[in-house]
Structures are given as C-alpha cells and as structure tokens.
Amino acid sequence: MVPFSFAGHALAALPQGALFWPARRALLVADLHFEKASWFARFGQMLPPYDSIATLTALAALVESTGATEIWCLGDSFHDAAGCERLSAHAQEMLRSLTATRRWTWITGNHDIGMVDRCGGEVVAEALVDGLVLRHEAESRETRPELSGHFHPKLRVRVRGRSVSRRCFVATATKLILPAFGALTGGLDAAHPEIVRAVGHDAEALVPVEDRLLRFSLAA
C-alpha cells in the first residue's frame, strides 16, 4: 500500500490494482467483470469458469487486510446485467457475506447498467463523496476531482529489450483512473488516445510496487 495525495485527499494505491481511502476506511475497485467467462460461454467461446471466484477471493483478501468498512465498485462489476444470476452458489455466498457486513455501493457501468439483483449493496449511477466524483467513465469536461475506471489502463515499457506490461493508475491533478481489478479483464495502453482524450495530455501512469509509487509521464 503506497500513500499519495490526490486533490487534497490522502489515498493509497495497492499493487493489486485497488485504491484505499484511509479517512473513510474505504476500498475502491473498478471493472470486476464478474461472470465474464460464462457470458462468453453462452456464445460458444469456452473459457475456464473460475474468474468470478478468483476475483472475489482477491477482493475479500483486500477487504480483510485493509479493514475497509466501505466498498465502492466503479462500474462494470458484472460483465452484463444478469451476471449476478449466473454466479455459482459458492460465489454468491462469498459476495453476499461481503455486501451484508460493509457499506457496499455499486456504481453502474456500460456493461452492468440496468442490473437488478446484485447480491446486496446499493446501486447508483455515480456519487459525490467528500468532494470527489465517483463514476464509471471519466468525463473530459468534468472540472471537479474525479475517480473512475472503464479503460483498464496498463503501462507497457521495454526493459532490456523485452516488453513488460503492468496494470496501472492514470492520474492528472483532477482525474484518477483505476486499473481493472477483475481476473479476466485485459487492458488498454495507458497512453491510448481514448484515455488521453478523457484525462488530458498531462497524465502520468502510476505503478505501486511494494513501498514505492513509480511514475511515468504518458507524454513521453
């Protein structure tokens, strides 16, 4: 967990791709994409059906280790609106035990908009929390400080002649995009024009590594 400041708030980036907000004891994650594998299976593309359990196990471990009492999921938590219905009984039990014991808020994204059964928790389109806007996709015209997901940013660099890819946060003075937390999500280059369009040209990629936060200018 690496502390840093964003828009006057003390936050902490976790190597697992989550964000912790100590003042609120809040854990923020984006793009869980529960039941992505089962969605593809409906169309004949068979993938190992373990993505939801893997994501839930990692999320539960972070909730426990951080002591978070608030959980904010920044959209695309399910791969589609019916994703919760397809969760196995074990996965539903895991998720409901989490949502029943914390203040849990689902912010809807483009994949899970319209979901009804979400295994507990509250569903909102976006939220304003202590001056920070929480939504799924960054709004280029938003002037208030904003936390979002959607783009699954990854930093790609060459090290000793080899290409290395790590999920990363993308940050400016007023915008912070979280990486995808889900086990089966892939990623978009942090310097992709769509990300630059959403956050501006002065963005940095932030990569938490143990006790350090590595910063890479995306303009470079």
# chains A, B, ... in the order shown; residues from 1 in each chain; ligands from 1
>>> select_by_dssp(residues="segment 167-215 of chain A", states="helix (DSSP H, G or I)", output="PyMOL selection string")
chain A and resi 193-199
>>> closest_atom_pairs(of="segment 115-215 of chain A", to="segment 51-54 of chain A", cutoff="12 Å", atoms="only C-alpha atoms", output="CSV")
residue,atom,partner,partner_atom,distance
A:Phe181,CA,A:Ala54,CA,10.6
A:Gly182,CA,A:Asp51,CA,7.6
A:Ala183,CA,A:Asp51,CA,5.6
A:Leu184,CA,A:Asp51,CA,6.0
A:Thr185,CA,A:Asp51,CA,9.4
>>> write_last_selection(atoms="all heavy atoms", output="mmCIF file, in the first residue's frame")
data_model
loop_
_atom_site.group_PDB
_atom_site.id
_atom_site.type_symbol
_atom_site.label_atom_id
_atom_site.label_comp_id
_atom_site.auth_asym_id
_atom_site.auth_seq_id
_atom_site.Cartn_x
_atom_site.Cartn_y
_atom_site.Cartn_z
ATOM 1 N N PHE A 181 -9.735 -4.508 -11.866
ATOM 2 C CA PHE A 181 -9.393 -5.420 -10.775
ATOM 3 C C PHE A 181 -9.717 -6.872 -11.127
ATOM 4 O O PHE A 181 -9.160 -7.799 -10.548
ATOM 5 C CB PHE A 181 -10.148 -5.013 -9.510
ATOM 6 C CG PHE A 181 -9.717 -5.752 -8.276
ATOM 7 C CD1 PHE A 181 -8.608 -5.329 -7.555
ATOM 8 C CD2 PHE A 181 -10.402 -6.873 -7.840
ATOM 9 C CE1 PHE A 181 -8.194 -6.010 -6.413
ATOM 10 C CE2 PHE A 181 -9.998 -7.562 -6.701
ATOM 11 C CZ PHE A 181 -8.889 -7.131 -5.991
ATOM 12 N N GLY A 182 -10.619 -7.085 -12.057
ATOM 13 C CA GLY A 182 -11.076 -8.424 -12.377
ATOM 14 C C GLY A 182 -9.981 -9.334 -12.889
ATOM 15 O O GLY A 182 -9.010 -8.892 -13.511
ATOM 16 N N ALA A 183 -10.158 -10.640 -12.655
ATOM 17 C CA ALA A 183 -9.152 -11.625 -13.040
ATOM 18 C C ALA A 183 -9.116 -11.882 -14.535
ATOM 19 O O ALA A 183 -8.140 -12.426 -15.047
ATOM 20 C CB ALA A 183 -9.422 -12.938 -12.301
ATOM 21 N N LEU A 184 -10.165 -11.487 -15.254
ATOM 22 C CA LEU A 184 -10.262 -11.791 -16.687
ATOM 23 C C LEU A 184 -10.663 -10.519 -17.435
ATOM 24 O O LEU A 184 -11.744 -10.424 -17.990
ATOM 25 C CB LEU A 184 -11.292 -12.903 -16.913
ATOM 26 C CG LEU A 184 -11.423 -13.508 -18.313
ATOM 27 C CD1 LEU A 184 -10.123 -14.162 -18.752
ATOM 28 C CD2 LEU A 184 -12.567 -14.519 -18.354
ATOM 29 N N THR A 185 -9.766 -9.543 -17.444
ATOM 30 C CA THR A 185 -10.172 -8.236 -17.963
ATOM 31 C C THR A 185 -9.285 -7.661 -19.065
ATOM 32 O O THR A 185 -9.725 -6.803 -19.810
ATOM 33 C CB THR A 185 -10.244 -7.201 -16.826
ATOM 34 O OG1 THR A 185 -9.059 -7.276 -16.034
ATOM 35 C CG2 THR A 185 -11.452 -7.463 -15.934
#
>>> select_by_dssp(residues="segment 3-213 of chain A", states="strand (DSSP E or B)", output="PyMOL selection string")
chain A and resi 3-6+9-13+19-21+26-30+34+70-74+78+103-107+122-124+127-129+132-134+146-148+153-159+162-167+169-171+175-177+180+188-189+204-209+212-213
>>> write_last_selection(atoms="C-alpha atoms", output="short mmCIF file (atom, residue, chain, number, x, y, z; two decimals), in the first residue's frame")
data_model
loop_
_atom_site.label_atom_id
_atom_site.label_comp_id
_atom_site.auth_asym_id
_atom_site.auth_seq_id
_atom_site.Cartn_x
_atom_site.Cartn_y
_atom_site.Cartn_z
CA PRO A 3 0.33 6.56 0.13
CA PHE A 4 -0.04 9.51 -2.23
CA SER A 5 -2.07 12.70 -2.46
CA PHE A 6 -4.86 13.38 -4.93
CA HIS A 9 -7.02 13.74 -0.17
CA ALA A 10 -4.61 11.19 1.28
CA LEU A 11 -5.10 7.95 -0.66
CA ALA A 12 -3.11 4.75 -1.04
CA ALA A 13 -2.52 2.70 -4.19
CA LEU A 19 -7.37 2.20 -4.07
CA PHE A 20 -7.69 2.71 -0.31
CA TRP A 21 -9.05 5.90 1.23
CA ALA A 26 -12.98 2.89 2.01
CA LEU A 27 -11.73 0.46 -0.61
CA LEU A 28 -12.34 1.36 -4.25
CA VAL A 29 -12.12 -1.08 -7.16
CA ALA A 30 -13.13 -0.90 -10.81
CA PHE A 34 -17.90 -10.97 -12.66
CA GLU A 70 -16.92 0.99 2.78
CA ILE A 71 -16.58 -0.59 -0.65
CA TRP A 72 -17.08 1.40 -3.84
CA CYS A 73 -17.18 -0.54 -7.11
CA LEU A 74 -16.71 1.87 -10.01
CA PHE A 78 -20.66 -7.67 -13.64
CA ARG A 103 -21.42 -0.31 3.27
CA TRP A 104 -21.29 -1.52 -0.32
CA THR A 105 -22.05 0.67 -3.35
CA TRP A 106 -22.21 -0.48 -6.95
CA ILE A 107 -21.73 2.31 -9.49
CA GLU A 122 -26.79 -0.19 -3.19
CA VAL A 123 -26.79 0.67 -6.90
CA VAL A 124 -26.17 4.25 -8.10
CA ALA A 127 -21.71 9.60 -6.45
CA LEU A 128 -20.13 12.70 -4.93
CA VAL A 129 -18.13 11.72 -1.83
CA LEU A 132 -14.66 13.57 -5.21
CA VAL A 133 -16.89 12.46 -8.08
CA LEU A 134 -17.08 8.67 -8.36
CA GLU A 146 -12.94 12.52 -10.26
CA LEU A 147 -12.28 8.80 -9.69
CA SER A 148 -13.26 6.35 -12.42
CA PRO A 153 -5.20 1.00 -18.18
CA LYS A 154 -1.91 -0.85 -18.50
CA LEU A 155 1.59 0.56 -18.78
CA ARG A 156 3.76 -1.04 -21.45
CA VAL A 157 7.51 -0.40 -21.37
CA ARG A 158 10.61 -2.08 -22.77
CA VAL A 159 13.11 -3.40 -20.25
CA ARG A 162 11.67 -7.11 -23.59
CA SER A 163 8.16 -5.68 -23.48
CA VAL A 164 6.74 -5.55 -19.95
CA SER A 165 3.10 -4.80 -19.14
CA ARG A 166 1.67 -3.83 -15.74
CA ARG A 167 -1.76 -2.58 -14.83
CA PHE A 169 -3.46 4.02 -12.42
CA VAL A 170 -3.66 7.04 -14.74
CA ALA A 171 -3.60 10.40 -12.98
CA LYS A 175 -8.59 12.81 -12.61
CA LEU A 176 -7.64 9.36 -11.42
CA ILE A 177 -8.47 6.23 -13.45
CA ALA A 180 -9.31 -3.21 -13.87
CA LEU A 188 -5.68 -0.78 -22.78
CA ASP A 189 -2.37 1.01 -23.22
CA GLU A 204 1.00 10.08 -15.58
CA ALA A 205 0.88 6.33 -15.19
CA LEU A 206 1.23 5.31 -11.54
CA VAL A 207 2.50 1.84 -10.70
CA PRO A 208 2.58 0.87 -6.99
CA VAL A 209 5.46 -1.51 -6.25
CA ARG A 212 7.14 2.88 -3.86
CA LEU A 213 4.92 4.56 -6.42
#
>>> residues_around(residues="segment 118-120 of chain A", least_positions_apart="2", cutoff="9 Å", atoms="only C-alpha atoms", output="PyMOL selection string")
chain A and resi 78+81-85+92-93+95-100+104+106+115-116+122-123
>>> write_last_selection(atoms="C-alpha atoms", output="short mmCIF file (atom, residue, chain, number, x, y, z; two decimals), in the first residue's frame")
data_model
loop_
_atom_site.label_atom_id
_atom_site.label_comp_id
_atom_site.auth_asym_id
_atom_site.auth_seq_id
_atom_site.Cartn_x
_atom_site.Cartn_y
_atom_site.Cartn_z
CA PHE A 78 -20.66 -7.67 -13.64
CA ALA A 81 -26.88 -7.08 -16.21
CA ALA A 82 -27.71 -10.75 -15.49
CA GLY A 83 -24.23 -11.58 -14.20
CA CYS A 84 -25.26 -11.95 -10.58
CA GLU A 85 -27.82 -14.61 -11.53
CA GLN A 92 -23.00 -15.73 -4.36
CA GLU A 93 -22.41 -16.77 -0.77
CA LEU A 95 -20.33 -11.91 -2.28
CA ARG A 96 -23.40 -11.66 -0.08
CA SER A 97 -21.28 -12.15 3.04
CA LEU A 98 -19.23 -9.13 1.97
CA THR A 99 -22.13 -6.86 1.00
CA ALA A 100 -24.01 -7.71 4.20
CA TRP A 104 -21.29 -1.52 -0.32
CA TRP A 106 -22.21 -0.48 -6.95
CA MET A 115 -28.83 -4.79 -13.22
CA VAL A 116 -31.47 -5.62 -10.62
CA GLU A 122 -26.79 -0.19 -3.19
CA VAL A 123 -26.79 0.67 -6.90
#
